[in-house]
Amino acid sequence: MTLTTDAPTSPGTDPGSDTTRAGGSPPTSPPPAPARRRWQPPWRNPWRRPWILEGFTWLYLIWSIVPIGIAVLFSFNNGRSQSVWQGFSTRWYWGDPINSVFHNPALRAAVFQTIRLSIITTLVAVPLGVAFAIGINRWRTRTATTFNFVMVFSYVIPELIFGVALFFLFTQLFKSIHLGTAAEVLGLVTWNFSWPAIIVLARLVSIGSSYEEAAADLGASRLESIRRVLIPLLMPAIFASAVLVFASVVDDFVIVDLLSSTANTQPMSVIIYSTSHGGNGGPALNALATIMLVLSFVVATIGLLAYRWMTRGERGSSGQEAMTSIAGM
Amino acid sequence: MARGDRRKAWTRGAQNRWVWAGFAMPGIIWLALLFLVPFYTVLAIAGGQLNAIFQSPEPVWNPFAWTGANYTAVFHELVGQGSFVGPIFLRTLVYVAIASVISLLIAYPAAYFVTRFAGRRKILFLALLIAPFWISYMMRMLAWIDLLQSNGYVNRALIDLHLISQPVNWLGGRSFTVILGLVYGYIPYLILVLYAGLDRIDQRLLEAGRDLGLNRTQTFVRITLPLSRQAILTGMLITVLPMVGDYFTNQLLSGASSTAMIGNVIDSQLYTASQQAQGAALSLLLLVFLLVPMVYYVVKTRRVTGEAF
């Protein structure tokens with residue numbers, strides 16, 4: 001439906017021109033213009049452009065994006081205020097010898113902790129989830145069914161309830177794993193395990209088993225057909241889920257908040273939370289948040305481009321499809 | 001015939017079973033150790049007792065020795081005379097209900113517009129819709145903390161428009177601000193689900209409706225809305241469930257006890273050793289309370305994750 005190219009109908013236009021105005025829509029038979037009615041008020045025109053809806057959508061987009069833009073802008077503020085503009089500077093990134101992200105040990109440690117957690121979690125969770133998905137898809141037993149249920153359950157459970165359970169696990173049962181980076185990684189891998197598992201399962205269902213059967217007919221061994229047929233077919237899904245896991249670890253707050261112990265195991269989200277109460281954090285926090293933003297967007301862009309490249313030539317491959325896949329839809 | 005059998009055997013056969021079990025096993029063990037065992041630990045603590053000397057929870061691992069003392073204590077806090085958790089729980093439900101309805105009223109028209117009318121600019125609109133999904137929750141809250149400060153842009157704009165004469169202390173414990181924060185925080189997830197659901201609707205059905213004489217409103221009410229019911233339900237679940245467990249949004253945007261939610265109670269109980277067992281019991285009760293919507297969601301996703309059930 002490409003109704004956007006249509007000119008808004010002015011009163012008095014010939015209702016017979018409906019056909020041309022419906023231009024972009026697939027040419028099924030247009031509604032026959034009633035012969036009796038000469039003049040149509042614009043709100044009666046079935047193909048009118050939905051101005052109100054479009055305006056509403058723009059308002060929503062402005063509301064959702066402009067505040068972020070302002071927050072990014074204030075990370076470059078040449079002053080202590082997060083709400084009054086005092087000129088441009090990069091002092092909160094590296095200029096200020098005490099409070100900038102680069103020089104403040106707590107903030108700098110948080111940047112590295114976030115990156116460390118994201119990389120380790122992605123490297124563990126993605127292979128684990130992909131193997132789980134392949135196994136569960138073919139190993140039809142009661143155990144498999146049960147754990148598929150558990151996996152989807154771990155996807156919908158409120159993060160706080162799961163975080164509380166992990167907190168008790170590491171303080172009461174697995175006491176040798178103290179709260180800190182190891183506990184955070186174990187928790188984050190479990191929490192993000194369902195992304196690759198669900199996405200790869202969905203992809204396996206849509207691939208079907210015919211490609212592997214063809215490979216088998218052509219003499220491939222079982223492991224060969226997995227390595228040379230199944231894995232390449234799954235690659236876009238695996239990649240999309242890796243991007244999602246990485247970005248959701250950068251974004252994660254509850255689990256790392258409950259499982260971090262000392263200041264140097266707190267990633268960026270926890271630092272922003274614990275210092276921005278009442279708005280006393282100063283623009284260095286905005287700088288920290290902007291770094292998080294850039295990190296997520298760089299990963300998302302790489303993901304988008306790589307996904308497009310991997311699915312090139314596939315039926316149904318489009319920028320739209322890539323975008324929704326990278327967002328986990 | 002034999003060939004067909006061999007083909008079937010390829011992905012389903014008994015002799016391959018150990019291969020697929022081997023693939024699934026690491027994940028199964030991981031989930032067992034780090035998802036199921038943690039919840040058993042919570043049960044052991046909630047069913048355990050308080051160590052009188054250290055004032056710390058003492059887990060009881062034998063399920064036959066579990067006591068209901070912590071549950072009774074939590075129950076009294078929830079409903080008894082002078083209960084302090086009860087009103088907080090009610091407030092949580094009210095906040096979540098209002099915030100999720102507002103989210104739906106905002107997200108649905110926007111998603112509907114982008115799927116149906118964005119035309120050639122669909123990719124641009126889609127990118128803008130998805131963008132907040134990639135922006136961290138803390139960043140989005142921080143943005144509003146900046147805007148809502150007493151000398152922030154919101155107050156200055158309202159004063160310039162002569163709507164208020166004094167700056168409003170938006171961050172001083174207002175339900176309005178917390179609900180706005182919840183809507184702003186969770187709407188990207190809802191909008192993605194709605195977009196995906198609406199985009200899946202077969203356009204030919206809408207065209208058929210138009211051909212049969214429905215106008216735009218009728219097409220929407222009689223075709224689009226019924227077909228997107230599933231997306232609305234799952235989208236609401238995906239936003240309501242985390243909202244119920246939210247404890248950071250109100251802490252950042254108000255910090256006052258007058259806007260505390262159930263998540264704040266659980267979170268604060270974790271930091272006092274003598275109250276940890278009650279926190280465990282409370283989080284289990286919350287889990288039971290949310291069990292029906294969660295299981296509903298899991299059953300609904302069966303379609304996507306294959307017939308592995």
# chains A, B, ... in the order shown; residues from 1 in each chain; ligands from 1
$ select_by_dssp --residues "range 22-259 of chain A" --states "helix (DSSP H, G or I)" --output "ChimeraX atom specification"
/A:42-44,51-74,91-95,105-138,142-156,159-173,181-192,194-207,210-217,222-251,254-259
$ interface_residues --of "chain A" --to "chain B" --cutoff "6 Å" --atoms "only C-alpha atoms" --output "PyMOL selection string"
chain A and resi 1-2+4+31+57+67-68+71+82-83+128+131-132+135-136+139+145+152+158+160-161+165-166+169+201-202+205+213+251+277+289+293
$ closest_residue --among "A:Ile199, A:Leu188, A:Ile157, A:Ala183" --to "Ala133 in chain A" --atoms "only C-alpha atoms"
A:Ile199
$ decode --residues "range 22-53 of chain B" --atoms "N, CA and C atoms" --output "mmCIF file, in the first residue's frame"
data_model
loop_
_atom_site.group_PDB
_atom_site.id
_atom_site.type_symbol
_atom_site.label_atom_id
_atom_site.label_comp_id
_atom_site.auth_asym_id
_atom_site.auth_seq_id
_atom_site.Cartn_x
_atom_site.Cartn_y
_atom_site.Cartn_z
ATOM 1 N N GLY B 22 23.082 -34.926 22.659
ATOM 2 C CA GLY B 22 24.367 -34.291 22.951
ATOM 3 C C GLY B 22 24.344 -32.803 22.660
ATOM 4 N N PHE B 23 23.639 -32.423 21.590
ATOM 5 C CA PHE B 23 23.509 -31.000 21.287
ATOM 6 C C PHE B 23 22.743 -30.264 22.382
ATOM 7 N N ALA B 24 21.661 -30.888 22.827
ATOM 8 C CA ALA B 24 20.783 -30.191 23.764
ATOM 9 C C ALA B 24 21.341 -30.201 25.186
ATOM 10 N N MET B 25 22.185 -31.203 25.488
ATOM 11 C CA MET B 25 22.552 -31.422 26.883
ATOM 12 C C MET B 25 23.231 -30.242 27.587
ATOM 13 N N PRO B 26 24.244 -29.599 26.964
ATOM 14 C CA PRO B 26 24.867 -28.478 27.699
ATOM 15 C C PRO B 26 23.844 -27.434 28.124
ATOM 16 N N GLY B 27 22.929 -27.099 27.217
ATOM 17 C CA GLY B 27 21.912 -26.106 27.547
ATOM 18 C C GLY B 27 20.982 -26.593 28.638
ATOM 19 N N ILE B 28 20.633 -27.887 28.572
ATOM 20 C CA ILE B 28 19.726 -28.443 29.576
ATOM 21 C C ILE B 28 20.380 -28.398 30.952
ATOM 22 N N ILE B 29 21.659 -28.812 31.001
ATOM 23 C CA ILE B 29 22.355 -28.799 32.293
ATOM 24 C C ILE B 29 22.476 -27.367 32.809
ATOM 25 N N TRP B 30 22.782 -26.437 31.898
ATOM 26 C CA TRP B 30 22.913 -25.033 32.292
ATOM 27 C C TRP B 30 21.603 -24.503 32.897
ATOM 28 N N LEU B 31 20.494 -24.786 32.183
ATOM 29 C CA LEU B 31 19.196 -24.322 32.686
ATOM 30 C C LEU B 31 18.855 -24.978 34.015
ATOM 31 N N ALA B 32 19.187 -26.261 34.146
ATOM 32 C CA ALA B 32 18.874 -26.958 35.395
ATOM 33 C C ALA B 32 19.650 -26.329 36.549
ATOM 34 N N LEU B 33 20.954 -26.108 36.323
ATOM 35 C CA LEU B 33 21.792 -25.598 37.412
ATOM 36 C C LEU B 33 21.534 -24.124 37.696
ATOM 37 N N LEU B 34 21.266 -23.336 36.671
ATOM 38 C CA LEU B 34 21.201 -21.889 36.882
ATOM 39 C C LEU B 34 19.820 -21.304 36.685
ATOM 40 N N PHE B 35 18.825 -22.153 36.416
ATOM 41 C CA PHE B 35 17.455 -21.628 36.415
ATOM 42 C C PHE B 35 16.573 -22.392 37.401
ATOM 43 N N LEU B 36 16.647 -23.721 37.380
ATOM 44 C CA LEU B 36 15.788 -24.493 38.279
ATOM 45 C C LEU B 36 16.357 -24.517 39.699
ATOM 46 N N VAL B 37 17.653 -24.802 39.841
ATOM 47 C CA VAL B 37 18.255 -24.833 41.185
ATOM 48 C C VAL B 37 18.088 -23.492 41.920
ATOM 49 N N PRO B 38 18.291 -22.344 41.258
ATOM 50 C CA PRO B 38 18.057 -21.077 41.970
ATOM 51 C C PRO B 38 16.656 -20.986 42.581
ATOM 52 N N PHE B 39 15.643 -21.474 41.857
ATOM 53 C CA PHE B 39 14.300 -21.370 42.415
ATOM 54 C C PHE B 39 14.094 -22.342 43.563
ATOM 55 N N TYR B 40 14.809 -23.483 43.492
ATOM 56 C CA TYR B 40 14.757 -24.384 44.641
ATOM 57 C C TYR B 40 15.409 -23.706 45.849
ATOM 58 N N THR B 41 16.492 -22.980 45.601
ATOM 59 C CA THR B 41 17.139 -22.247 46.688
ATOM 60 C C THR B 41 16.180 -21.243 47.316
ATOM 61 N N VAL B 42 15.431 -20.543 46.471
ATOM 62 C CA VAL B 42 14.462 -19.576 47.004
ATOM 63 C C VAL B 42 13.436 -20.290 47.878
ATOM 64 N N LEU B 43 12.961 -21.454 47.392
ATOM 65 C CA LEU B 43 12.002 -22.235 48.190
ATOM 66 C C LEU B 43 12.621 -22.642 49.519
ATOM 67 N N ALA B 44 13.890 -23.070 49.473
ATOM 68 C CA ALA B 44 14.559 -23.522 50.696
ATOM 69 C C ALA B 44 14.713 -22.379 51.689
ATOM 70 N N ILE B 45 14.926 -21.180 51.186
ATOM 71 C CA ILE B 45 15.085 -20.037 52.103
ATOM 72 C C ILE B 45 13.727 -19.577 52.616
ATOM 73 N N ALA B 46 12.750 -19.523 51.711
ATOM 74 C CA ALA B 46 11.422 -19.088 52.141
ATOM 75 C C ALA B 46 10.813 -20.092 53.117
ATOM 76 N N GLY B 47 11.148 -21.368 52.961
ATOM 77 C CA GLY B 47 10.615 -22.382 53.866
ATOM 78 C C GLY B 47 11.498 -22.596 55.081
ATOM 79 N N GLY B 48 12.615 -21.890 55.142
ATOM 80 C CA GLY B 48 13.558 -22.084 56.238
ATOM 81 C C GLY B 48 13.281 -21.160 57.408
ATOM 82 N N GLN B 49 14.267 -21.107 58.302
ATOM 83 C CA GLN B 49 14.083 -20.294 59.495
ATOM 84 C C GLN B 49 15.156 -19.228 59.586
ATOM 85 N N LEU B 50 14.975 -18.377 60.577
ATOM 86 C CA LEU B 50 15.944 -17.318 60.812
ATOM 87 C C LEU B 50 16.943 -17.794 61.847
ATOM 88 N N ASN B 51 18.214 -17.638 61.523
ATOM 89 C CA ASN B 51 19.249 -17.965 62.500
ATOM 90 C C ASN B 51 19.233 -16.891 63.581
ATOM 91 N N ALA B 52 18.905 -17.287 64.810
ATOM 92 C CA ALA B 52 18.658 -16.308 65.871
ATOM 93 C C ALA B 52 19.912 -15.530 66.239
ATOM 94 N N ILE B 53 21.080 -16.135 66.083
ATOM 95 C CA ILE B 53 22.316 -15.458 66.508
ATOM 96 C C ILE B 53 22.773 -14.459 65.454
#
